[in-house]
file protein.pdb (PDB, C-alpha atoms, pLDDT in the B column)
ATOM      1  CA  MET H   1     -46.829 -55.212  19.405  1.00 43.00           C
ATOM      2  CA  ALA H   2     -44.532 -56.999  17.048  1.00 42.00           C
ATOM      3  CA  GLY H   3     -40.913 -55.905  17.212  1.00 42.00           C
ATOM      4  CA  LYS H   4     -39.257 -54.151  14.343  1.00 35.00           C
ATOM      5  CA  PRO H   5     -37.423 -56.462  11.950  1.00 36.00           C
ATOM      6  CA  LEU H   6     -33.675 -56.567  12.457  1.00 33.00           C
ATOM      7  CA  GLY H   7     -31.789 -54.863   9.680  1.00 35.00           C
ATOM      8  CA  LEU H   8     -28.884 -52.603   8.832  1.00 33.00           C
ATOM      9  CA  ARG H   9     -29.619 -48.970   9.534  1.00 35.00           C
ATOM     10  CA  MET H  10     -27.756 -46.600   7.278  1.00 34.00           C
ATOM     11  CA  SER H  11     -25.948 -43.609   8.731  1.00 36.00           C
ATOM     12  CA  ARG H  12     -23.008 -41.441   7.833  1.00 36.00           C
ATOM     13  CA  LYS H  13     -20.721 -43.968   9.554  1.00 37.00           C
ATOM     14  CA  THR H  14     -22.186 -46.982   7.780  1.00 38.00           C
ATOM     15  CA  THR H  15     -20.493 -48.205   4.571  1.00 41.00           C
ATOM     16  CA  PRO H  16     -22.876 -49.509   1.909  1.00 41.00           C
ATOM     17  CA  HIS H  17     -22.542 -53.157   0.814  1.00 41.00           C
ATOM     18  CA  ARG H  18     -21.280 -52.109  -2.589  1.00 43.00           C
ATOM     19  CA  ARG H  19     -18.350 -50.211  -1.079  1.00 44.00           C
ATOM     20  CA  LEU H  20     -17.589 -53.125   1.236  1.00 39.00           C
ATOM     21  CA  GLY H  21     -17.539 -55.531  -1.709  1.00 45.00           C
ATOM     22  CA  THR H  22     -15.237 -53.187  -3.620  1.00 40.00           C
ATOM     23  CA  SER H  23     -12.872 -53.016  -0.648  1.00 41.00           C
ATOM     24  CA  VAL H  24     -12.741 -56.795  -0.363  1.00 37.00           C
ATOM     25  CA  LEU H  25     -12.053 -57.105  -4.095  1.00 36.00           C
ATOM     26  CA  LEU H  26      -9.201 -54.594  -3.885  1.00 34.00           C
ATOM     27  CA  LEU H  27      -7.770 -56.481  -0.907  1.00 34.00           C
ATOM     28  CA  ILE H  28      -7.829 -59.748  -2.883  1.00 35.00           C
ATOM     29  CA  VAL H  29      -6.134 -58.092  -5.858  1.00 35.00           C
ATOM     30  CA  PHE H  30      -3.493 -56.553  -3.586  1.00 36.00           C
ATOM     31  CA  LEU H  31      -2.768 -59.874  -1.872  1.00 35.00           C
ATOM     32  CA  GLY H  32      -2.616 -61.637  -5.222  1.00 40.00           C
ATOM     33  CA  ALA H  33      -0.096 -59.127  -6.537  1.00 37.00           C
ATOM     34  CA  ALA H  34       1.953 -59.423  -3.351  1.00 37.00           C
ATOM     35  CA  LEU H  35       2.032 -63.211  -3.570  1.00 36.00           C
ATOM     36  CA  LEU H  36       2.812 -63.360  -7.300  1.00 31.00           C
ATOM     37  CA  PRO H  37       6.586 -62.863  -6.909  1.00 32.00           C
ATOM     38  CA  PHE H  38       6.596 -65.616  -4.277  1.00 29.00           C
ATOM     39  CA  VAL H  39       4.822 -68.025  -6.617  1.00 28.00           C
ATOM     40  CA  LEU H  40       7.103 -67.184  -9.550  1.00 28.00           C
ATOM     41  CA  SER H  41      10.229 -67.566  -7.451  1.00 30.00           C
ATOM     42  CA  GLN H  42       9.502 -71.039  -6.150  1.00 35.00           C
ATOM     43  CA  PRO H  43      12.637 -73.232  -6.373  1.00 44.00           C
ATOM     44  CA  ALA H  44      12.895 -76.109  -8.822  1.00 52.00           C
ATOM     45  CA  LYS H  45      11.667 -79.449  -7.570  1.00 62.00           C
ATOM     46  CA  ALA H  46      14.240 -81.478  -5.685  1.00 64.00           C
ATOM     47  CA  ALA H  47      15.071 -85.056  -6.492  1.00 76.00           C
ATOM     48  CA  GLN H  48      15.837 -88.038  -4.299  1.00 83.00           C
ATOM     49  CA  PHE H  49      18.230 -90.712  -5.477  1.00 85.00           C
ATOM     50  CA  SER H  50      20.188 -93.619  -4.041  1.00 94.00           C
ATOM     51  CA  LEU H  51      23.937 -94.188  -3.928  1.00 96.00           C
ATOM     52  CA  THR H  52      25.835 -97.330  -2.918  1.00 98.00           C
ATOM     53  CA  LEU H  53      29.360 -96.967  -1.545  1.00 99.00           C
ATOM     54  CA  TYR H  54      31.894 -99.587  -0.489  1.00 99.00           C
ATOM     55  CA  VAL H  55      34.789 -98.656   1.788  1.00 99.00           C
ATOM     56  CA  SER H  56      37.877-100.364   3.194  1.00 98.00           C
ATOM     57  CA  ALA H  57      41.389 -99.380   4.259  1.00 98.00           C
ATOM     58  CA  LEU H  58      42.148 -99.188   0.500  1.00 98.00           C
ATOM     59  CA  GLY H  59      39.626 -96.437  -0.299  1.00 98.00           C
ATOM     60  CA  TRP H  60      36.127 -96.002  -1.753  1.00 99.00           C
ATOM     61  CA  SER H  61      34.211 -97.593  -4.642  1.00 98.00           C
ATOM     62  CA  PHE H  62      30.789 -97.938  -6.233  1.00 98.00           C
ATOM     63  CA  THR H  63      31.374-101.697  -6.539  1.00 98.00           C
ATOM     64  CA  SER H  64      32.436-104.369  -4.081  1.00 98.00           C
ATOM     65  CA  GLY H  65      36.194-105.040  -4.162  1.00 97.00           C
ATOM     66  CA  GLY H  66      36.989-101.982  -6.289  1.00 97.00           C
ATOM     67  CA  GLU H  67      38.134 -99.619  -3.524  1.00 98.00           C
ATOM     68  CA  ALA H  68      40.769 -97.069  -4.515  1.00 98.00           C
ATOM     69  CA  ARG H  69      42.192 -93.656  -3.617  1.00 98.00           C
ATOM     70  CA  PRO H  70      40.944 -91.196  -4.541  1.00 98.00           C
ATOM     71  CA  GLY H  71      37.394 -92.494  -4.483  1.00 98.00           C
ATOM     72  CA  PRO H  72      34.852 -91.851  -7.266  1.00 98.00           C
ATOM     73  CA  VAL H  73      33.568 -88.342  -7.865  1.00 98.00           C
ATOM     74  CA  LEU H  74      30.129 -87.932  -6.247  1.00 97.00           C
ATOM     75  CA  LEU H  75      27.754 -85.500  -7.980  1.00 93.00           C
ATOM     76  CA  ALA H  76      24.524 -83.980  -6.653  1.00 93.00           C
ATOM     77  CA  VAL H  77      22.211 -81.124  -7.603  1.00 92.00           C
ATOM     78  CA  GLN H  78      21.443 -78.461  -5.027  1.00 92.00           C
ATOM     79  CA  GLY H  79      18.292 -79.364  -3.119  1.00 90.00           C
ATOM     80  CA  ASP H  80      18.589 -83.100  -3.768  1.00 91.00           C
ATOM     81  CA  GLN H  81      18.499 -85.717  -1.048  1.00 95.00           C
ATOM     82  CA  VAL H  82      21.120 -88.419  -1.539  1.00 97.00           C
ATOM     83  CA  ASP H  83      20.246 -91.710   0.193  1.00 98.00           C
ATOM     84  CA  VAL H  84      23.485 -93.619   0.781  1.00 98.00           C
ATOM     85  CA  THR H  85      24.024 -97.281   1.585  1.00 99.00           C
ATOM     86  CA  MET H  86      27.604 -97.696   2.824  1.00 99.00           C
ATOM     87  CA  THR H  87      29.277-101.063   3.429  1.00 99.00           C
ATOM     88  CA  SER H  88      32.576-101.713   5.210  1.00 99.00           C
ATOM     89  CA  GLU H  89      34.365-104.366   3.162  1.00 98.00           C
ATOM     90  CA  ASP H  90      37.128-105.104   5.696  1.00 98.00           C
ATOM     91  CA  PHE H  91      34.778-105.287   8.709  1.00 96.00           C
ATOM     92  CA  LEU H  92      36.640-102.393  10.335  1.00 98.00           C
ATOM     93  CA  PRO H  93      34.887 -99.190  11.449  1.00 98.00           C
ATOM     94  CA  HIS H  94      34.463 -96.522   8.780  1.00 99.00           C
ATOM     95  CA  GLY H  95      32.411 -93.341   8.537  1.00 98.00           C
ATOM     96  CA  PHE H  96      31.587 -90.918   5.720  1.00 99.00           C
ATOM     97  CA  PHE H  97      31.975 -87.161   5.990  1.00 99.00           C
ATOM     98  CA  ILE H  98      31.989 -84.135   3.652  1.00 99.00           C
ATOM     99  CA  ASP H  99      34.693 -81.651   4.584  1.00 98.00           C
ATOM    100  CA  TYR H 100      32.737 -78.440   4.054  1.00 97.00           C
ATOM    101  CA  ASN H 101      35.210 -76.267   6.008  1.00 95.00           C
ATOM    102  CA  GLY H 102      38.259 -77.743   4.270  1.00 96.00           C
ATOM    103  CA  ASN H 103      40.329 -78.537   7.350  1.00 95.00           C
ATOM    104  CA  GLY H 104      40.735 -82.243   6.556  1.00 94.00           C
ATOM    105  CA  MET H 105      38.871 -83.415   9.635  1.00 94.00           C
ATOM    106  CA  PRO H 106      35.261 -84.319  10.419  1.00 95.00           C
ATOM    107  CA  ASP H 107      33.975 -81.651  12.773  1.00 93.00           C
ATOM    108  CA  SER H 108      31.211 -79.116  13.394  1.00 91.00           C
ATOM    109  CA  GLY H 109      29.611 -77.860  10.194  1.00 92.00           C
ATOM    110  CA  ASP H 110      30.578 -80.933   8.169  1.00 97.00           C
ATOM    111  CA  PHE H 111      28.178 -83.672   7.154  1.00 98.00           C
ATOM    112  CA  MET H 112      29.074 -86.803   9.162  1.00 98.00           C
ATOM    113  CA  SER H 113      27.518 -90.264   9.146  1.00 98.00           C
ATOM    114  CA  GLU H 114      27.648 -92.758  11.948  1.00 98.00           C
ATOM    115  CA  GLN H 115      30.553 -95.185  11.859  1.00 98.00           C
ATOM    116  CA  THR H 116      29.993 -98.826  10.982  1.00 98.00           C
ATOM    117  CA  SER H 117      31.910-102.067  10.492  1.00 98.00           C
ATOM    118  CA  GLY H 118      29.021-103.511   8.508  1.00 98.00           C
ATOM    119  CA  THR H 119      26.354-101.760   6.427  1.00 98.00           C
ATOM    120  CA  ILE H 120      24.667 -98.479   7.260  1.00 98.00           C
ATOM    121  CA  GLN H 121      22.167 -96.190   5.523  1.00 98.00           C
ATOM    122  CA  PHE H 122      22.008 -92.408   5.801  1.00 98.00           C
ATOM    123  CA  SER H 123      20.754 -89.389   3.833  1.00 98.00           C
ATOM    124  CA  ILE H 124      22.783 -86.379   2.722  1.00 98.00           C
ATOM    125  CA  PRO H 125      21.000 -83.063   1.999  1.00 96.00           C
ATOM    126  CA  ALA H 126      22.785 -81.449  -0.943  1.00 96.00           C
ATOM    127  CA  ASP H 127      22.314 -77.925   0.370  1.00 94.00           C
ATOM    128  CA  LYS H 128      25.807 -76.421  -0.012  1.00 96.00           C
ATOM    129  CA  LEU H 129      26.939 -75.430  -3.513  1.00 97.00           C
ATOM    130  CA  GLY H 130      30.522 -76.125  -4.476  1.00 98.00           C
ATOM    131  CA  THR H 131      33.265 -78.709  -4.771  1.00 98.00           C
ATOM    132  CA  PHE H 132      34.409 -80.357  -1.553  1.00 99.00           C
ATOM    133  CA  THR H 133      36.508 -83.269  -0.331  1.00 99.00           C
ATOM    134  CA  TYR H 134      34.723 -86.235   1.189  1.00 99.00           C
ATOM    135  CA  GLY H 135      36.563 -88.632   3.429  1.00 98.00           C
ATOM    136  CA  ASP H 136      36.633 -91.497   5.893  1.00 98.00           C
ATOM    137  CA  GLU H 137      36.225 -90.552   9.542  1.00 98.00           C
ATOM    138  CA  VAL H 138      38.656 -93.338  10.506  1.00 97.00           C
ATOM    139  CA  VAL H 139      41.117 -93.810   7.612  1.00 97.00           C
ATOM    140  CA  THR H 140      42.131 -90.243   6.823  1.00 94.00           C
ATOM    141  CA  LEU H 141      43.826 -91.200   3.539  1.00 97.00           C
ATOM    142  CA  ASN H 142      40.456 -92.334   2.103  1.00 98.00           C
ATOM    143  CA  THR H 143      39.267 -89.235   0.252  1.00 98.00           C
ATOM    144  CA  GLY H 144      37.382 -88.273  -2.895  1.00 98.00           C
ATOM    145  CA  THR H 145      35.556 -85.336  -4.476  1.00 99.00           C
ATOM    146  CA  TRP H 146      31.955 -84.307  -3.765  1.00 98.00           C
ATOM    147  CA  VAL H 147      30.320 -81.752  -6.113  1.00 97.00           C
ATOM    148  CA  THR H 148      27.010 -79.980  -5.475  1.00 96.00           C
ATOM    149  CA  ARG H 149      25.920 -77.906  -8.468  1.00 95.00           C
ATOM    150  CA  VAL H 150      22.839 -75.997  -9.578  1.00 95.00           C
ATOM    151  CA  ASN H 151      20.334 -77.763 -11.792  1.00 94.00           C
ATOM    152  CA  SER H 152      21.009 -77.212 -15.487  1.00 94.00           C
ATOM    153  CA  PRO H 153      18.085 -77.146 -17.938  1.00 96.00           C
ATOM    154  CA  PRO H 154      17.892 -79.666 -20.781  1.00 98.00           C
ATOM    155  CA  GLU H 155      19.002 -78.818 -24.304  1.00 98.00           C
ATOM    156  CA  ALA H 156      17.803 -79.606 -27.822  1.00 99.00           C
ATOM    157  CA  SER H 157      19.414 -79.495 -31.272  1.00 99.00           C
ATOM    158  CA  PHE H 158      17.678 -79.896 -34.634  1.00 99.00           C
ATOM    159  CA  HIS H 159      18.401 -82.330 -37.448  1.00 99.00           C
ATOM    160  CA  ALA H 160      15.296 -81.343 -39.448  1.00 99.00           C
ATOM    161  CA  PRO H 161      14.047 -78.892 -40.511  1.00 99.00           C
ATOM    162  CA  THR H 162      17.080 -76.868 -41.541  1.00 98.00           C
ATOM    163  CA  ALA H 163      17.436 -73.483 -43.214  1.00 98.00           C
ATOM    164  CA  THR H 164      17.291 -75.143 -46.640  1.00 98.00           C
ATOM    165  CA  THR H 165      14.218 -77.277 -45.899  1.00 98.00           C
ATOM    166  CA  SER H 166      11.150 -76.933 -48.120  1.00 98.00           C
ATOM    167  CA  TRP H 167       8.184 -79.072 -47.085  1.00 98.00           C
ATOM    168  CA  THR H 168       5.058 -79.621 -49.145  1.00 97.00           C
ATOM    169  CA  GLY H 169       1.780 -78.971 -47.367  1.00 97.00           C
ATOM    170  CA  GLY H 170      -0.600 -81.894 -46.921  1.00 96.00           C
ATOM    171  CA  VAL H 171       2.310 -84.374 -46.749  1.00 96.00           C
ATOM    172  CA  SER H 172       3.774 -85.892 -43.561  1.00 98.00           C
ATOM    173  CA  HIS H 173       7.313 -84.827 -42.674  1.00 99.00           C
ATOM    174  CA  ASP H 174       9.563 -85.850 -39.782  1.00 99.00           C
ATOM    175  CA  ILE H 175      10.684 -83.206 -37.297  1.00 99.00           C
ATOM    176  CA  SER H 176      13.957 -84.612 -35.949  1.00 99.00           C
ATOM    177  CA  PHE H 177      16.010 -83.395 -32.982  1.00 99.00           C
ATOM    178  CA  ASP H 178      18.201 -84.545 -30.099  1.00 99.00           C
ATOM    179  CA  VAL H 179      17.527 -83.774 -26.428  1.00 99.00           C
ATOM    180  CA  THR H 180      19.978 -84.058 -23.537  1.00 98.00           C
ATOM    181  CA  ASP H 181      20.012 -83.151 -19.859  1.00 97.00           C
ATOM    182  CA  PRO H 182      23.350 -82.348 -18.167  1.00 92.00           C
ATOM    183  CA  ASP H 183      22.105 -83.887 -14.905  1.00 88.00           C
ATOM    184  CA  GLY H 184      20.575 -86.983 -16.486  1.00 89.00           C
ATOM    185  CA  ASP H 185      17.011 -86.011 -15.566  1.00 92.00           C
ATOM    186  CA  PRO H 186      13.931 -87.241 -17.474  1.00 95.00           C
ATOM    187  CA  ILE H 187      12.827 -84.741 -20.121  1.00 98.00           C
ATOM    188  CA  GLN H 188       9.349 -83.621 -21.140  1.00 98.00           C
ATOM    189  CA  VAL H 189       9.085 -82.229 -24.696  1.00 99.00           C
ATOM    190  CA  SER H 190       6.548 -79.850 -26.247  1.00 99.00           C
ATOM    191  CA  VAL H 191       6.647 -79.207 -30.006  1.00 99.00           C
ATOM    192  CA  SER H 192       4.841 -76.377 -31.800  1.00 99.00           C
ATOM    193  CA  TYR H 193       5.060 -74.376 -35.027  1.00 99.00           C
ATOM    194  CA  SER H 194       4.526 -70.792 -36.145  1.00 98.00           C
ATOM    195  CA  TYR H 195       4.752 -68.799 -39.368  1.00 98.00           C
ATOM    196  CA  GLY H 196       4.475 -65.194 -40.493  1.00 95.00           C
ATOM    197  CA  GLY H 197       5.302 -63.986 -36.995  1.00 92.00           C
ATOM    198  CA  GLY H 198       2.061 -65.442 -35.689  1.00 96.00           C
ATOM    199  CA  PRO H 199       1.431 -67.363 -32.463  1.00 96.00           C
ATOM    200  CA  SER H 200       2.769 -70.866 -31.847  1.00 96.00           C
ATOM    201  CA  GLN H 201       0.382 -73.734 -32.499  1.00 98.00           C
ATOM    202  CA  ALA H 202       0.783 -77.072 -30.724  1.00 98.00           C
ATOM    203  CA  ILE H 203       1.937 -80.180 -32.575  1.00 99.00           C
ATOM    204  CA  LYS H 204       2.713 -82.702 -29.820  1.00 98.00           C
ATOM    205  CA  SER H 205       3.837 -83.076 -26.191  1.00 98.00           C
ATOM    206  CA  PHE H 206       5.532 -86.223 -24.925  1.00 98.00           C
ATOM    207  CA  ALA H 207       8.184 -87.705 -22.640  1.00 98.00           C
ATOM    208  CA  ALA H 208      11.496 -87.937 -24.479  1.00 98.00           C
ATOM    209  CA  GLY H 209      12.583 -91.431 -25.423  1.00 95.00           C
ATOM    210  CA  PRO H 210      15.823 -92.941 -24.124  1.00 95.00           C
ATOM    211  CA  THR H 211      17.613 -92.655 -27.459  1.00 97.00           C
ATOM    212  CA  ASN H 212      18.074 -89.833 -29.946  1.00 98.00           C
ATOM    213  CA  PRO H 213      16.978 -88.528 -32.343  1.00 99.00           C
ATOM    214  CA  GLN H 214      13.423 -87.769 -31.245  1.00 99.00           C
ATOM    215  CA  ILE H 215      11.079 -88.032 -34.257  1.00 99.00           C
ATOM    216  CA  VAL H 216       7.770 -86.145 -34.483  1.00 99.00           C
ATOM    217  CA  PRO H 217       5.730 -86.643 -37.693  1.00 99.00           C
ATOM    218  CA  TRP H 218       3.930 -83.477 -38.801  1.00 99.00           C
ATOM    219  CA  THR H 219       1.649 -82.681 -41.708  1.00 98.00           C
ATOM    220  CA  PRO H 220       1.541 -78.925 -42.350  1.00 98.00           C
ATOM    221  CA  SER H 221      -1.605 -77.755 -44.085  1.00 96.00           C
ATOM    222  CA  GLY H 222      -3.644 -74.667 -44.840  1.00 95.00           C
ATOM    223  CA  PHE H 223      -0.777 -72.214 -45.199  1.00 97.00           C
ATOM    224  CA  SER H 224       2.295 -71.367 -47.231  1.00 98.00           C
ATOM    225  CA  SER H 225       5.211 -69.500 -45.708  1.00 98.00           C
ATOM    226  CA  THR H 226       8.927 -68.980 -46.177  1.00 98.00           C
ATOM    227  CA  ASP H 227       9.469 -68.252 -42.467  1.00 98.00           C
ATOM    228  CA  THR H 228       7.946 -71.277 -40.796  1.00 99.00           C
ATOM    229  CA  MET H 229       9.608 -72.207 -37.488  1.00 99.00           C
ATOM    230  CA  ILE H 230       9.439 -75.233 -35.204  1.00 99.00           C
ATOM    231  CA  ARG H 231       9.786 -74.630 -31.475  1.00 99.00           C
ATOM    232  CA  VAL H 232      10.850 -77.383 -29.067  1.00 99.00           C
ATOM    233  CA  VAL H 233      10.481 -76.697 -25.344  1.00 99.00           C
ATOM    234  CA  VAL H 234      12.351 -79.123 -23.088  1.00 99.00           C
ATOM    235  CA  GLN H 235      11.711 -79.386 -19.344  1.00 98.00           C
ATOM    236  CA  ASP H 236      13.403 -81.632 -16.809  1.00 96.00           C
ATOM    237  CA  SER H 237      11.845 -83.354 -13.795  1.00 91.00           C
ATOM    238  CA  ARG H 238      13.080 -80.568 -11.510  1.00 90.00           C
ATOM    239  CA  GLY H 239      11.145 -77.941 -13.496  1.00 92.00           C
ATOM    240  CA  ALA H 240      14.015 -76.291 -15.411  1.00 95.00           C
ATOM    241  CA  SER H 241      13.067 -75.598 -19.037  1.00 97.00           C
ATOM    242  CA  GLN H 242      14.074 -73.626 -22.099  1.00 98.00           C
ATOM    243  CA  PRO H 243      12.880 -73.276 -25.732  1.00 98.00           C
ATOM    244  CA  PHE H 244      14.801 -74.029 -28.910  1.00 99.00           C
ATOM    245  CA  ASP H 245      13.759 -72.759 -32.349  1.00 98.00           C
ATOM    246  CA  SER H 246      14.581 -74.287 -35.714  1.00 98.00           C
ATOM    247  CA  PRO H 247      15.895 -72.132 -38.541  1.00 98.00           C
ATOM    248  CA  ALA H 248      13.178 -70.537 -40.644  1.00 98.00           C
ATOM    249  CA  PHE H 249      12.155 -72.826 -43.519  1.00 99.00           C
ATOM    250  CA  THR H 250       9.569 -73.050 -46.282  1.00 98.00           C
ATOM    251  CA  VAL H 251       6.153 -74.701 -46.295  1.00 98.00           C
ATOM    252  CA  ASP H 252       4.333 -74.686 -49.636  1.00 97.00           C
ATOM    253  CA  SER H 253       0.682 -75.702 -49.544  1.00 95.00           C
ATOM    254  CA  ALA H 254      -0.252 -74.173 -52.900  1.00 91.00           C
ATOM    255  CA  PRO H 255      -1.966 -76.671 -55.227  1.00 83.00           C
ATOM    256  CA  PRO H 256       0.125 -77.629 -58.255  1.00 76.00           C
ATOM    257  CA  THR H 257      -0.624 -75.756 -61.465  1.00 73.00           C
ATOM    258  CA  ILE H 258      -1.688 -77.739 -64.522  1.00 67.00           C
TER     259      ILE H 258
END

call {"tool": "encode", "arguments": {"input": "protein.pdb", "output": "structure tokens"}}
result
Amino acid sequence: MAGKPLGLRMSRKTTPHRRLGTSVLLLIVFLGAALLPFVLSQPAKAAQFSLTLYVSALGWSFTSGGEARPGPVLLAVQGDQVDVTMTSEDFLPHGFFIDYNGNGMPDSGDFMSEQTSGTIQFSIPADKLGTFTYGDEVVTLNTGTWVTRVNSPPEASFHAPTATTSWTGGVSHDISFDVTDPDGDPIQVSVSYSYGGGPSQAIKSFAAGPTNPQIVPWTPSGFSSTDTMIRVVVQDSRGASQPFDSPAFTVDSAPPTI
């Protein structure tokens, strides 16, 4: 006799498929909600950049033969990796250290490179916020200032439109603004417009050019408003961003009366 087909026998202790599916869905939603703060709180992207230092018994310099005391100020953004190429100009041993504990000596807890009488390469993780003294592990008078700061978002300022601007619809006009980044990072720009308290509508996104002002041609059409606004959102390569709004201005798309 043929056996009974295998299947799922229902009982009081058996959960129907529909309830199981609902439970799985609730679990996914719960996990998603739990992970959302983690996703939103991800740190800004770090950067990696190179630095060339020259050292001798006379001090530190960015250029060969320019050693002096104090040495140049060295700036980094928290989370960066600074790749250093250090050359001894007098062929005597020298080493680089950051005096995190402020006792004037290279010791435990400080960043310390190997010593060299030639050229050496090493990487410094910029993981401690603040202003510190850097120095020479051999010539204790060779010091300078190292600064690790938080990443600052870029900024924008408008040239046009202004509060007195009145642009005719159907005609091209130049949106003009400057962008800067305190840390010298590349800047991505997004430009949009809105009027009457409505949603923003995209005009253009682009990488900011090396010189200011940034010019974005725009032809408004299909509306008239006395409270038109341009929004510029600037974002640096580390992910820090902020919006800037122009003053409210007028767009007149009404056809001329005859």

call {"tool": "atom_distance", "arguments": {"input": "protein.pdb", "atom1": "atom CA of H:Ile215", "atom2": "atom CA of H:Asp185"}}
result
19.7 Å

call {"tool": "atom_distance", "arguments": {"input": "protein.pdb", "atom1": "atom CA of H:Arg231", "atom2": "atom CA of H:Gly184"}}
result
22.2 Å

call {"tool": "atom_distance", "arguments": {"input": "protein.pdb", "atom1": "atom CA of H:Phe249", "atom2": "atom CA of H:Val191"}}
result
15.9 Å

call {"tool": "resolve_selection", "arguments": {"input": "protein.pdb", "expression": "the PyMOL selection byres ((chain H and resi 86-103) around 7)", "output": "NGL selection string"}}
result
:H and (52-56 or 84-85 or 104-106 or 109-121 or 132-138)

call {"tool": "resolve_selection", "arguments": {"input": "protein.pdb", "expression": "the PyMOL selection byres ((chain H and resi 221) around 10)", "output": "short mmCIF file (atom, residue, chain, number, x, y, z; two decimals) with C-alpha atoms, in the frame of the given file"}}
result
data_model
loop_
_atom_site.label_atom_id
_atom_site.label_comp_id
_atom_site.auth_asym_id
_atom_site.auth_seq_id
_atom_site.Cartn_x
_atom_site.Cartn_y
_atom_site.Cartn_z
CA THR H 168 5.06 -79.62 -49.14
CA GLY H 169 1.78 -78.97 -47.37
CA GLY H 170 -0.60 -81.89 -46.92
CA VAL H 171 2.31 -84.37 -46.75
CA SER H 172 3.77 -85.89 -43.56
CA TRP H 218 3.93 -83.48 -38.80
CA THR H 219 1.65 -82.68 -41.71
CA PRO H 220 1.54 -78.92 -42.35
CA GLY H 222 -3.64 -74.67 -44.84
CA PHE H 223 -0.78 -72.21 -45.20
CA SER H 224 2.30 -71.37 -47.23
CA VAL H 251 6.15 -74.70 -46.30
CA ASP H 252 4.33 -74.69 -49.64
CA SER H 253 0.68 -75.70 -49.54
CA ALA H 254 -0.25 -74.17 -52.90
#

call {"tool": "closest_residue", "arguments": {"input": "protein.pdb", "among": "H:Leu141, H:Asp127, H:Val77, H:Ile203", "to": "H:Leu58", "atoms": "all atoms listed in the file"}}
result
H:Leu141

call {"tool": "resolve_selection", "arguments": {"input": "protein.pdb", "expression": "the PyMOL selection byres ((chain H and resi 162) around 7)", "output": "PyMOL selection string"}}
result
chain H and resi 159-161+163-165+246-247+249

call {"tool": "closest_residue", "arguments": {"input": "protein.pdb", "among": "H:Ser225, H:Thr180, H:Thr257, H:Ser152", "to": "H:Arg238", "atoms": "only C-alpha atoms"}}
result
H:Ser152

call {"tool": "closest_residue", "arguments": {"input": "protein.pdb", "among": "H:Thr131, H:Gln81, H:Ser237, H:Asn142", "to": "H:Ser61", "atoms": "all atoms listed in the file"}}
result
H:Asn142

call {"tool": "axis_aligned_box", "arguments": {"input": "protein.pdb", "around": "stretch 122-139 of chain H", "padding_each_side": "6 Å", "output": "AutoDock Vina command-line options"}}
result
--center_x 30.9 --center_y -84.6 --center_z 2.9 --size_x 32.4 --size_y 30.4 --size_z 27.3

call {"tool": "closest_residue", "arguments": {"input": "protein.pdb", "among": "H:Thr226, H:Asp80, H:Ser50, H:Thr140", "to": "H:Lys128", "atoms": "all atoms listed in the file"}}
result
H:Asp80

call {"tool": "residues_near_point", "arguments": {"input": "protein.pdb", "point": "(18.5, -82.8, -26.8)", "cutoff": "6 Å", "atoms": "only C-alpha atoms", "output": "PyMOL selection string"}}
result
chain H and resi 155-157+178-180

call {"tool": "write_last_selection", "arguments": {"input": "protein.pdb", "atoms": "C-alpha atoms", "output": "short mmCIF file (atom, residue, chain, number, x, y, z; two decimals), in the coordinates of the input"}}
result
data_model
loop_
_atom_site.label_atom_id
_atom_site.label_comp_id
_atom_site.auth_asym_id
_atom_site.auth_seq_id
_atom_site.Cartn_x
_atom_site.Cartn_y
_atom_site.Cartn_z
CA GLU H 155 19.00 -78.82 -24.30
CA ALA H 156 17.80 -79.61 -27.82
CA SER H 157 19.41 -79.50 -31.27
CA ASP H 178 18.20 -84.54 -30.10
CA VAL H 179 17.53 -83.77 -26.43
CA THR H 180 19.98 -84.06 -23.54
#

call {"tool": "closest_residue", "arguments": {"input": "protein.pdb", "among": "H:Pro186, H:Pro154, H:Pro125, H:Gly71", "to": "H:Phe206", "atoms": "all atoms listed in the file"}}
result
H:Pro186

call {"tool": "closest_residue", "arguments": {"input": "protein.pdb", "among": "H:Tyr195, H:Trp167, H:Phe158, H:Phe122", "to": "H:Val232", "atoms": "all atoms listed in the file"}}
result
H:Phe158
